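What follows is the content of input.cif, which has mmCIF, C-alpha atoms:
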data_coords
loop_
_atom_site.label_atom_id
_atom_site.label_comp_id
_atom_site.auth_asym_id
_atom_site.auth_seq_id
_atom_site.Cartn_x
_atom_site.Cartn_y
_atom_site.Cartn_z
CA MET A 1 -33.66 7.64 -25.77
CA THR A 2 -32.03 10.99 -25.30
CA ALA A 3 -29.69 12.46 -22.76
CA LEU A 4 -32.53 14.67 -21.68
CA ALA A 5 -34.76 11.70 -20.86
CA MET A 6 -31.92 10.30 -18.84
CA THR A 7 -31.39 13.32 -16.64
CA ILE A 8 -35.09 13.45 -15.95
CA ALA A 9 -35.67 9.76 -15.42
CA ILE A 10 -32.84 8.81 -13.13
CA PRO A 11 -33.42 11.02 -10.09
CA GLU A 12 -37.08 9.95 -10.05
CA THR A 13 -36.29 6.28 -10.01
CA PRO A 14 -35.72 5.63 -6.31
CA ARG A 15 -38.98 7.29 -5.34
CA ILE A 16 -41.28 5.54 -7.78
CA MET A 17 -39.63 2.16 -7.62
CA PRO A 18 -41.57 -0.31 -5.47
CA ARG A 19 -39.60 -1.48 -2.48
CA LEU A 20 -38.19 -4.94 -3.09
CA GLY A 21 -37.17 -7.43 -0.44
CA ALA A 22 -33.59 -8.56 0.06
CA GLY A 23 -34.34 -11.87 -1.63
CA ASP A 24 -35.44 -10.21 -4.85
CA ARG A 25 -33.07 -10.72 -7.65
CA LEU A 26 -32.03 -8.40 -10.40
CA THR A 27 -33.89 -8.85 -13.65
CA TYR A 28 -30.64 -8.67 -15.56
CA GLY A 29 -29.26 -12.09 -14.65
CA PRO A 30 -27.14 -14.56 -16.56
CA ARG A 31 -29.13 -16.39 -19.23
CA GLN A 32 -32.40 -15.51 -17.59
CA GLY A 33 -34.30 -14.12 -20.52
CA ILE A 34 -36.58 -11.16 -20.23
CA GLY A 35 -39.00 -11.77 -17.38
CA ASP A 36 -42.18 -10.03 -16.40
CA ARG A 37 -40.51 -7.72 -13.98
CA ILE A 38 -38.36 -6.14 -16.65
CA ILE A 39 -41.39 -5.25 -18.72
CA GLU A 40 -43.18 -3.96 -15.66
CA HIS A 41 -40.39 -1.52 -14.81
CA GLN A 42 -39.23 -0.74 -18.29
CA SER A 43 -40.10 2.94 -18.12
CA MET A 44 -37.59 3.43 -15.34
CA SER A 45 -34.81 1.03 -16.09
CA ALA A 46 -34.63 1.97 -19.77
CA ALA A 47 -32.74 5.12 -18.80
CA ASP A 48 -29.59 3.29 -17.79
CA TRP A 49 -29.01 1.15 -20.90
CA THR A 50 -29.07 -2.20 -19.08
CA GLN A 51 -32.12 -3.15 -21.18
CA GLU A 52 -30.15 -2.65 -24.35
CA LEU A 53 -27.31 -4.78 -23.08
CA ALA A 54 -29.72 -7.52 -21.98
CA ALA A 55 -31.36 -7.49 -25.41
CA ILE A 56 -27.97 -7.73 -27.12
CA ARG A 57 -26.99 -10.61 -24.90
CA ASP A 58 -30.24 -12.55 -25.08
CA THR A 59 -31.49 -11.98 -28.60
CA ALA A 60 -28.56 -10.38 -30.47
CA ASP A 61 -30.84 -7.35 -30.86
CA GLU A 62 -29.26 -5.05 -33.44
CA ALA A 63 -31.83 -2.31 -32.90
CA ALA A 64 -30.89 -2.16 -29.21
CA PHE A 65 -27.24 -1.98 -30.23
CA ALA A 66 -28.00 0.85 -32.64
CA ARG A 67 -29.54 2.87 -29.77
CA LEU A 68 -26.50 2.23 -27.60
CA PHE A 69 -24.21 3.10 -30.52
CA ALA A 70 -26.01 6.37 -31.25
CA HIS A 71 -25.40 7.51 -27.68
CA PHE A 72 -21.95 6.16 -26.93
CA ALA A 73 -20.07 5.99 -30.27
CA PRO A 74 -19.64 9.79 -30.59
CA ARG A 75 -18.64 9.98 -26.92
CA VAL A 76 -16.08 7.20 -27.19
CA LYS A 77 -14.67 8.62 -30.41
CA GLY A 78 -14.38 12.08 -28.89
CA PHE A 79 -12.73 10.58 -25.82
CA LEU A 80 -10.12 8.84 -28.00
CA ILE A 81 -9.40 11.97 -30.04
CA ARG A 82 -8.89 13.93 -26.87
CA GLY A 83 -6.56 11.16 -25.69
CA GLY A 84 -4.30 11.81 -28.68
CA ALA A 85 -5.72 9.73 -31.54
CA THR A 86 -6.14 11.05 -35.08
CA ALA A 87 -9.71 11.00 -36.40
CA ASP A 88 -9.00 7.81 -38.41
CA LEU A 89 -7.39 5.97 -35.51
CA ALA A 90 -10.16 7.13 -33.16
CA GLU A 91 -12.82 5.81 -35.58
CA ASP A 92 -11.02 2.46 -35.79
CA LEU A 93 -10.55 2.15 -32.02
CA MET A 94 -14.11 3.31 -31.37
CA GLN A 95 -15.48 0.58 -33.65
CA ASP A 96 -13.35 -1.90 -31.77
CA VAL A 97 -14.64 -0.63 -28.40
CA MET A 98 -18.29 -0.82 -29.51
CA ALA A 99 -17.78 -4.26 -31.09
CA THR A 100 -16.34 -5.38 -27.74
CA VAL A 101 -19.46 -4.02 -26.01
CA TRP A 102 -21.58 -6.25 -28.27
CA ARG A 103 -19.30 -9.21 -27.75
CA LYS A 104 -18.98 -8.92 -23.96
CA ALA A 105 -22.57 -7.90 -23.17
CA ALA A 106 -23.03 -11.12 -21.18
CA LEU A 107 -20.13 -10.18 -18.87
CA TYR A 108 -21.57 -6.82 -17.83
CA GLN A 109 -22.49 -6.78 -14.13
CA PRO A 110 -25.15 -4.16 -13.37
CA GLY A 111 -24.57 -4.27 -9.60
CA ARG A 112 -20.93 -3.24 -10.03
CA ALA A 113 -20.93 -0.46 -12.61
CA SER A 114 -23.24 1.62 -14.76
CA VAL A 115 -23.21 0.87 -18.49
CA ALA A 116 -21.43 4.19 -19.10
CA THR A 117 -18.73 3.21 -16.59
CA TRP A 118 -18.33 -0.21 -18.15
CA ILE A 119 -17.92 1.31 -21.62
CA PHE A 120 -15.54 3.90 -20.19
CA THR A 121 -13.25 1.12 -18.90
CA ILE A 122 -13.24 -0.61 -22.29
CA ALA A 123 -12.48 2.67 -24.07
CA ARG A 124 -9.78 3.57 -21.54
CA ASN A 125 -8.06 0.22 -22.11
CA ARG A 126 -8.17 0.67 -25.89
CA ARG A 127 -6.72 4.15 -25.45
CA ILE A 128 -3.82 2.71 -23.47
CA ASP A 129 -2.89 -0.07 -25.87
CA GLY A 130 -4.00 1.62 -29.07
CA ILE A 131 -2.61 5.12 -28.59
CA ARG A 132 0.02 4.87 -25.88
CA ARG A 133 1.12 1.44 -27.06
CA ALA A 134 1.49 0.26 -23.50
CA ARG A 135 0.01 -2.95 -22.17
CA ARG A 136 -2.92 -2.75 -19.85
CA PRO A 137 -2.92 -5.12 -16.88
CA GLU A 138 -6.19 -7.02 -16.96
CA PRO A 139 -8.05 -6.85 -13.69
CA GLU A 140 -8.38 -10.24 -12.12
CA ASP A 141 -11.75 -11.89 -12.35
CA LEU A 142 -12.73 -12.93 -8.88
CA PRO A 143 -11.60 -16.55 -8.68
CA TRP A 144 -15.10 -17.94 -8.32
CA GLY A 145 -16.08 -16.72 -11.75
CA PRO A 146 -18.86 -14.40 -12.81
CA GLU A 147 -20.86 -12.76 -10.08
CA PRO A 148 -24.17 -14.37 -9.16
CA GLU A 149 -27.15 -12.22 -10.04
CA ALA A 150 -26.95 -8.91 -8.27
CA GLU A 151 -29.72 -8.02 -5.92
CA GLN A 152 -32.25 -5.55 -7.19
CA ALA A 153 -31.51 -3.28 -4.25
CA GLU A 154 -27.85 -3.15 -5.22
CA VAL A 155 -28.67 -2.18 -8.78
CA LEU A 156 -31.04 0.53 -7.60
CA ALA A 157 -28.46 1.90 -5.19
CA LEU A 158 -25.90 2.05 -7.98
CA ARG A 159 -28.37 3.84 -10.23
CA GLU A 160 -28.99 6.43 -7.54
CA GLU A 161 -25.28 6.95 -6.95
CA THR A 162 -24.70 7.31 -10.67
CA ALA A 163 -27.31 10.06 -10.80
CA GLN A 164 -25.67 11.76 -7.81
CA LEU A 165 -22.28 11.63 -9.50
CA ALA A 166 -23.68 13.25 -12.63
CA GLN A 167 -25.33 15.92 -10.53
CA ALA A 168 -22.17 16.60 -8.53
CA LEU A 169 -20.19 16.88 -11.76
CA SER A 170 -22.55 19.37 -13.31
CA GLY A 171 -22.46 21.47 -10.14
CA LEU A 172 -18.67 21.84 -10.08
CA PRO A 173 -16.94 25.13 -10.85
CA ARG A 174 -15.58 25.16 -14.42
CA VAL A 175 -11.89 25.07 -13.51
CA GLN A 176 -12.31 22.09 -11.24
CA ARG A 177 -14.36 20.15 -13.75
CA ASP A 178 -11.83 20.85 -16.49
CA LEU A 179 -9.11 19.39 -14.32
CA ILE A 180 -11.04 16.17 -13.70
CA GLU A 181 -11.79 15.88 -17.40
CA GLN A 182 -8.13 16.30 -18.23
CA ALA A 183 -7.23 13.56 -15.75
CA TYR A 184 -9.68 11.08 -17.24
CA PHE A 185 -9.29 12.05 -20.87
CA GLY A 186 -5.57 11.33 -20.92
CA GLU A 187 -4.22 14.86 -20.66
CA LEU A 188 -2.50 14.69 -17.26
CA THR A 189 0.42 12.59 -16.08
CA HIS A 190 -0.07 10.43 -13.03
CA SER A 191 1.94 12.78 -10.84
CA GLN A 192 -0.34 15.64 -11.85
CA ILE A 193 -3.43 13.71 -10.82
CA ALA A 194 -4.80 14.52 -7.40
CA ALA A 195 -7.46 12.40 -5.79
CA GLU A 196 -9.21 15.45 -4.37
CA THR A 197 -11.81 16.07 -7.03
CA GLY A 198 -14.57 17.59 -4.97
CA ILE A 199 -16.80 14.71 -6.06
CA PRO A 200 -18.04 12.65 -3.11
CA LEU A 201 -17.19 9.01 -3.88
CA GLY A 202 -17.62 7.77 -0.32
CA THR A 203 -21.09 6.27 -0.75
CA ILE A 204 -20.27 4.35 -3.89
CA LYS A 205 -17.01 3.12 -2.37
CA SER A 206 -18.62 1.76 0.75
CA ARG A 207 -21.42 0.05 -1.16
CA LEU A 208 -18.98 -1.61 -3.56
CA ARG A 209 -16.88 -2.73 -0.60
CA LEU A 210 -19.94 -4.30 1.01
CA ALA A 211 -20.85 -6.04 -2.24
CA LEU A 212 -17.38 -7.58 -2.48
CA GLU A 213 -17.46 -8.60 1.17
CA ARG A 214 -20.79 -10.33 0.60
CA LEU A 215 -19.36 -12.17 -2.41
CA ARG A 216 -16.42 -13.44 -0.38
CA LYS A 217 -18.79 -14.69 2.32
CA GLU A 218 -20.95 -16.50 -0.20
CA MET A 219 -17.85 -18.27 -1.43
CA SER A 220 -16.44 -19.36 1.91
CA MET B 1 -6.63 -13.91 -4.67
CA THR B 2 -8.18 -15.76 -1.79
CA GLY B 3 -6.48 -17.42 1.14
CA PHE B 4 -4.70 -14.26 2.25
CA ALA B 5 -5.63 -11.79 4.90
CA GLN B 6 -6.51 -8.46 3.32
CA PRO B 7 -3.46 -6.22 2.87
CA LYS B 8 -2.63 -3.49 5.38
CA HIS B 9 -0.59 -1.20 3.11
CA HIS B 10 -2.34 0.32 0.12
CA PRO B 11 -1.60 2.53 -2.88
CA THR B 12 -2.38 6.21 -2.35
CA GLU B 13 -5.78 7.51 -3.41
CA SER B 14 -4.09 9.41 -6.24
CA LEU B 15 -2.51 6.21 -7.57
CA LEU B 16 -5.90 4.48 -7.53
CA MET B 17 -7.46 7.39 -9.36
CA ALA B 18 -4.64 7.50 -11.92
CA HIS B 19 -5.06 3.75 -12.42
CA ALA B 20 -8.80 4.19 -12.98
CA ALA B 21 -8.17 7.09 -15.33
CA GLY B 22 -5.64 5.05 -17.31
CA ALA B 23 -2.87 7.54 -16.62
CA LEU B 24 -0.26 5.34 -14.93
CA PRO B 25 2.95 4.29 -16.68
CA GLU B 26 2.76 0.60 -17.51
CA ALA B 27 5.12 -0.57 -14.73
CA LEU B 28 3.25 1.27 -11.96
CA ASP B 29 -0.09 0.24 -13.47
CA LEU B 30 0.99 -3.40 -13.22
CA ALA B 31 1.88 -3.04 -9.54
CA VAL B 32 -1.41 -1.31 -8.69
CA ALA B 33 -3.48 -3.86 -10.68
CA THR B 34 -1.70 -6.70 -8.91
CA HIS B 35 -2.44 -5.11 -5.53
CA LEU B 36 -6.12 -4.99 -6.51
CA ALA B 37 -5.99 -8.76 -7.01
CA PHE B 38 -5.29 -9.01 -3.27
CA CYS B 39 -7.35 -6.12 -1.94
CA ASP B 40 -11.13 -5.75 -1.95
CA ILE B 41 -11.04 -2.27 -0.42
CA CYS B 42 -8.87 -0.85 -3.18
CA ARG B 43 -10.76 -2.79 -5.83
CA ALA B 44 -13.95 -1.07 -4.70
CA ASP B 45 -12.21 2.32 -4.47
CA ALA B 46 -10.76 1.99 -7.96
CA ALA B 47 -14.22 1.05 -9.24
CA ALA B 48 -15.60 4.23 -7.64
CA HIS B 49 -13.00 6.28 -9.50
CA GLU B 50 -13.97 4.46 -12.69
CA ALA B 51 -17.58 5.45 -12.02
CA LEU B 52 -16.43 9.07 -12.19
CA GLY B 53 -14.88 8.29 -15.59
CA GLY B 54 -18.19 6.78 -16.69
CA ALA B 55 -20.09 9.86 -15.55
CA LEU B 56 -17.67 12.11 -17.49
CA LEU B 57 -18.00 10.02 -20.65
CA ASP B 58 -21.77 10.03 -20.35
CA ALA B 59 -21.98 13.77 -19.73
CA ALA B 60 -19.97 14.38 -22.93
CA PRO B 61 -17.98 17.51 -22.25
CA GLU B 62 -18.33 20.48 -24.52
CA GLY B 63 -16.81 19.66 -27.88
CA GLY B 64 -16.31 16.12 -26.64
CA LEU B 65 -18.52 14.44 -29.23
CA SER B 66 -17.13 13.22 -32.50
CA ARG B 67 -19.48 11.95 -35.19
CA PRO B 68 -18.81 8.39 -36.33
CA ALA B 69 -17.84 7.92 -39.99
CA GLU B 70 -20.39 6.98 -42.67
CA GLY B 71 -21.42 3.33 -42.29
CA SER B 72 -19.71 3.09 -38.91
CA LEU B 73 -22.51 1.15 -37.20
CA ALA B 74 -22.65 -1.55 -39.90
CA ARG B 75 -18.87 -1.94 -39.88
CA THR B 76 -18.87 -2.18 -36.09
CA LEU B 77 -21.48 -4.95 -36.16
CA ALA B 78 -19.48 -6.82 -38.81
CA ARG B 79 -16.41 -6.56 -36.59
CA ALA B 80 -18.37 -7.76 -33.58
CA HIS B 81 -19.56 -10.84 -35.47
CA ALA B 82 -16.00 -11.59 -36.57
CA MET B 83 -14.55 -11.42 -33.03
CA PRO B 84 -13.69 -14.69 -31.30
CA ALA B 85 -16.12 -15.85 -28.61
CA GLU B 86 -15.45 -14.77 -25.03
CA PRO B 87 -14.60 -17.56 -22.61
CA GLU B 88 -17.55 -18.08 -20.27
CA GLN B 89 -15.60 -18.42 -17.06
CA ALA B 90 -12.00 -18.09 -16.03
CA PRO B 91 -10.53 -21.40 -14.83
CA ARG B 92 -9.75 -21.65 -11.17
CA PRO B 93 -6.08 -20.82 -10.63
CA SER B 94 -3.68 -23.43 -9.24
CA PRO B 95 -2.02 -22.88 -5.84
CA ASP B 96 1.18 -21.95 -7.72
CA ALA B 97 -0.69 -19.32 -9.74
CA LEU B 98 0.53 -15.77 -10.08
CA PRO B 99 -2.09 -13.04 -9.70
CA GLN B 100 -3.85 -12.49 -13.03
CA PRO B 101 -2.34 -9.12 -14.00
CA LEU B 102 1.20 -10.48 -13.57
CA SER B 103 0.51 -13.76 -15.31
CA ASP B 104 -0.15 -11.88 -18.55
CA TRP B 105 3.47 -10.68 -18.45
CA ILE B 106 5.21 -13.72 -17.03
CA GLY B 107 3.16 -16.87 -17.44
CA PRO B 108 0.49 -18.51 -15.31
CA ASN B 109 2.64 -19.72 -12.40
CA PHE B 110 5.41 -18.73 -9.98
CA SER B 111 7.43 -21.56 -11.53
CA ASP B 112 7.37 -19.67 -14.85
CA ILE B 113 9.54 -16.87 -13.43
CA ARG B 114 13.05 -17.01 -14.90
CA TRP B 115 15.29 -15.88 -12.07
CA ARG B 116 18.79 -14.43 -12.48
CA ARG B 117 21.05 -14.29 -9.46
CA ILE B 118 22.39 -10.83 -8.71
CA GLY B 119 24.49 -11.62 -5.63
CA GLY B 120 23.90 -12.20 -1.93
CA GLY B 121 21.41 -14.96 -2.74
CA VAL B 122 19.08 -12.36 -4.19
CA ALA B 123 17.56 -13.16 -7.58
CA GLN B 124 15.83 -10.87 -9.98
CA ALA B 125 13.59 -11.27 -13.02
CA PRO B 126 12.99 -8.30 -15.29
CA ILE B 127 9.51 -7.75 -16.65
CA ARG B 128 9.39 -6.52 -20.19
CA THR B 129 7.18 -3.48 -20.33
CA ARG B 130 6.41 -1.88 -23.66
CA SER B 131 6.60 1.61 -22.28
CA GLY B 132 6.51 3.61 -19.12
CA GLY B 133 9.02 2.83 -16.38
CA SER B 134 10.55 -0.46 -15.38
CA ALA B 135 9.34 -3.42 -13.38
CA TYR B 136 11.02 -6.54 -12.07
CA LEU B 137 10.51 -9.32 -9.60
CA LEU B 138 12.88 -9.78 -6.67
CA ARG B 139 13.42 -12.94 -4.64
CA ILE B 140 15.11 -12.25 -1.33
CA PRO B 141 16.12 -15.22 0.86
CA GLY B 142 14.80 -15.16 4.42
CA GLY B 143 16.82 -12.86 6.67
CA VAL B 144 18.65 -11.15 3.81
CA ALA B 145 18.65 -7.40 3.24
CA VAL B 146 18.67 -5.86 -0.22
CA PRO B 147 21.06 -2.97 -0.75
CA ASP B 148 20.18 0.44 0.48
CA HIS B 149 18.84 2.35 -2.45
CA GLY B 150 17.11 5.57 -3.25
CA HIS B 151 14.73 6.40 -6.05
CA ARG B 152 14.55 8.95 -8.78
CA GLY B 153 10.83 8.68 -9.24
CA THR B 154 8.01 6.82 -7.55
CA GLU B 155 8.82 3.27 -6.59
CA LEU B 156 6.15 0.73 -5.71
CA THR B 157 7.07 -2.54 -4.03
CA LEU B 158 4.37 -5.17 -3.79
CA VAL B 159 4.86 -8.37 -1.79
CA LEU B 160 3.66 -11.50 -3.61
CA SER B 161 4.76 -14.01 -0.99
CA GLY B 162 6.75 -13.97 2.24
CA ALA B 163 7.32 -10.63 3.92
CA PHE B 164 9.90 -7.90 4.35
CA SER B 165 10.46 -5.13 6.85
CA ASP B 166 12.15 -1.80 6.54
CA LYS B 167 12.33 1.24 8.76
CA VAL B 168 8.79 2.16 7.75
CA SER B 169 6.88 -1.02 8.56
CA ARG B 170 6.34 -4.72 7.88
CA PHE B 171 4.97 -5.73 4.48
CA GLY B 172 3.24 -9.06 3.86
CA PRO B 173 1.43 -10.59 0.87
CA GLY B 174 -0.54 -8.00 -1.07
CA ASP B 175 0.98 -5.07 0.84
CA ILE B 176 2.35 -2.28 -1.30
CA GLU B 177 5.00 0.21 -0.25
CA VAL B 178 4.89 3.56 -1.98
CA ALA B 179 8.35 5.16 -1.87
CA ASP B 180 9.08 8.65 -3.07
CA PRO B 181 12.57 9.96 -3.95
CA ALA B 182 13.18 10.99 -0.34
CA LEU B 183 13.01 7.46 1.06
CA GLU B 184 16.25 5.49 1.28
CA HIS B 185 15.48 2.09 2.65
CA THR B 186 16.98 -1.35 3.23
CA PRO B 187 14.22 -3.90 2.92
CA THR B 188 15.03 -7.07 4.87
CA ALA B 189 13.22 -10.33 4.17
CA GLU B 190 11.72 -12.02 7.21
CA PRO B 191 13.41 -15.23 8.33
CA GLY B 192 11.83 -18.27 6.67
CA PRO B 193 10.77 -18.73 3.06
CA PRO B 194 12.04 -16.16 0.56
CA CYS B 195 10.20 -12.93 0.03
CA ILE B 196 9.07 -12.49 -3.56
CA CYS B 197 8.06 -9.01 -4.56
CA LEU B 198 7.26 -6.93 -7.57
CA ALA B 199 9.09 -3.62 -7.78
CA ALA B 200 8.02 -0.97 -10.24
CA THR B 201 9.34 2.50 -10.90
CA ASP B 202 8.67 5.28 -13.31
CA ALA B 203 12.47 5.81 -13.37
CA ARG B 204 15.52 3.62 -12.85
CA LEU B 205 16.68 2.62 -9.39
CA ARG B 206 19.71 4.35 -7.92
CA PHE B 207 21.81 2.11 -5.69
CA ASN B 208 24.19 3.63 -3.18
CA SER B 209 26.97 1.06 -3.15
CA PHE B 210 29.35 -0.08 -5.86
CA LEU B 211 28.36 -3.70 -6.41
CA PRO B 212 24.67 -3.06 -6.87
CA ARG B 213 25.53 -0.27 -9.28
CA VAL B 214 27.29 -2.86 -11.42
CA ALA B 215 24.27 -5.11 -11.13
CA GLN B 216 22.07 -2.22 -12.12
CA ARG B 217 24.11 -1.75 -15.29
CA LEU B 218 24.18 -5.45 -16.09
CA PHE B 219 20.61 -6.28 -15.41
CA GLY B 220 18.96 -3.00 -16.12
CA ILE B 221 17.18 -2.69 -12.80
#
Go ahead and express the file in the form of structure tokens.
Amino acid sequence: MTALAMTIAIPETPRIMPRLGAGDRLTYGPRQGIGDRIIEHQSMSAADWTQELAAIRDTADEAAFARLFAHFAPRVKGFLIRGGATADLAEDLMQDVMATVWRKAALYQPGRASVATWIFTIARNRRIDGIRRARRPEPEDLPWGPEPEAEQAEVLALREETAQLAQALSGLPRVQRDLIEQAYFGELTHSQIAAETGIPLGTIKSRLRLALERLRKEMS
Amino acid sequence: MTGFAQPKHHPTESLLMAHAAGALPEALDLAVATHLAFCDICRADAAAHEALGGALLDAAPEGGLSRPAEGSLARTLARAHAMPAEPEQAPRPSPDALPQPLSDWIGPNFSDIRWRRIGGGVAQAPIRTRSGGSAYLLRIPGGVAVPDHGHRGTELTLVLSGAFSDKVSRFGPGDIEVADPALEHTPTAEPGPPCICLAATDARLRFNSFLPRVAQRLFGI
């Protein structure tokens, strides 16, 4: 899979995806195995790497990991170098990040974050404790444990928003984009970071809020 | 954390973004992460800012790729196989439990906090951060005011239990007050059980009266 395939595939997804009812569950569910629906929609869902993670989780698929590695390892390593690591340290931390991806594949929740976002958070945490030598507060797992299977509609919505984010990013003026990159790649202090990025995050925020609200209701 | 109403006072959008970007000093990061344990709205907002980080990583900025070393994939797989197994599910916390981010610094429960009295019935427990600012817990008896103090940098105060009021507003469990150097305030705990809060700064506190200045020297707050 190439980056090119990704930019082409994602915006098409919402239009060609059959409408699923609210009761339909995500194909990427805990310990579910690969069902018929995954195979049926493979051409579309392959673009977001959740298939690779499912294959790693379910069958310890090293070929799937190699595809994921080919795409993300150079990105993660570059991210760590830009965050202040030497090439050797960045290689070491990158291997640790990607090994963690393999190890934690079962914990990935496709209704909450794209695979790229999930890997970003792992790499960011390694940058903090590996380069800055600070401790990173672990986000609290919601007290009821891992999320039940996300609804298919939620995963589709997230995929669409992810594509919109990428599009918005590529449409930004150079100066503005550089600034956002500097913020996320460890080159700005917190007081230099402004929340006004020009990237509309409203949709993704409100959907994630609704998802959390729904979880709380299911628990009460 | 369940069992609490959702907080009313939140970190600024910039703090959430800096948290998502991994740019906060450790002490402030701890306060923001602990707020997220209480607050679904901010948890979702922080996740949205993380999504921007994911999009940036995926888009691989110009010159942002760095080729892995020879044999990197095989070594990574070997490391993965050697890593300890991930626990399947976090155990349900006890009623005495501290929010997860804090428990990694202090211990699992409120009863693990080692308080030191600093006068006026107020107790304090420093949190050892490896870098980036200072953080400590404060226990203020009901009805008691903590000394008027100003700040050199950003100060975040997060209520863990009980409540306090100052001239800005009332702050209950999960609420976070963001104070900049201009704000001089005298937080007063509400009558009743003590107010326990987490205070974090990216600089040291500056008290305006003599006794607290001594305490500041002695206890490093």
Skip A:Arg133 itself and residues of its chain fewer than 3 positions away, then list as an MDAnalysis selection string all residues within 10 Å of it, counting all atoms listed in the file. (chainID A and resid 126:130 136) or (chainID B and resid 26 130:132)
Counting all atoms listed in the file, which of A:Ala64, A:Ala153, A:Leu107, A:Ile56 gets nearest to chain B?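 Nearest candidate to chain B out of A:Ala64, A:Ala153, A:Leu107, A:Ile56: A:Leu107.
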Figure out the distance between atom CA of A:Ile131 and atom CA of B:Ala203, please, to one decimal in Å.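 Computing it gives 21.4 Å between the two atoms.
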Can you spell out as a PyMOL selection string the set of residues that the PyMOL selection byres ((chain B and resi 198) around 7) selects in the structure I just provided? chain B and resi 31+136-138+157-159+197+199-200
Could you tell me which of B:Ala123, B:Ala145, B:Ala85, B:Ile176 comes closest to chain A if we count all atoms listed in the file?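 Smallest separation from chain A among the options: B:Ala85.
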Expected selection from the PyMOL selection byres ((chain B and resi 54) around 8), given as a list of chain:residue names: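 Checking the PyMOL selection byres ((chain B and resi 54) around 8) against this file, the residues are A:Ser114, A:Val115, A:Ala116, A:Thr117, A:Trp118, A:Ile119, A:Phe120, A:Thr121, B:Glu50, B:Ala51, B:Leu52, B:Gly53, B:Ala55, B:Leu56, B:Leu57, B:Asp58.
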Using the chain letters and numbering of this document, enumerate as a VMD selection string the residues selected by the PyMOL selection byres ((chain B and resi 38) around 9). chain B and resid 1 to 2 4 to 7 34 to 37 39 to 40 42 to 43 99 173 to 175
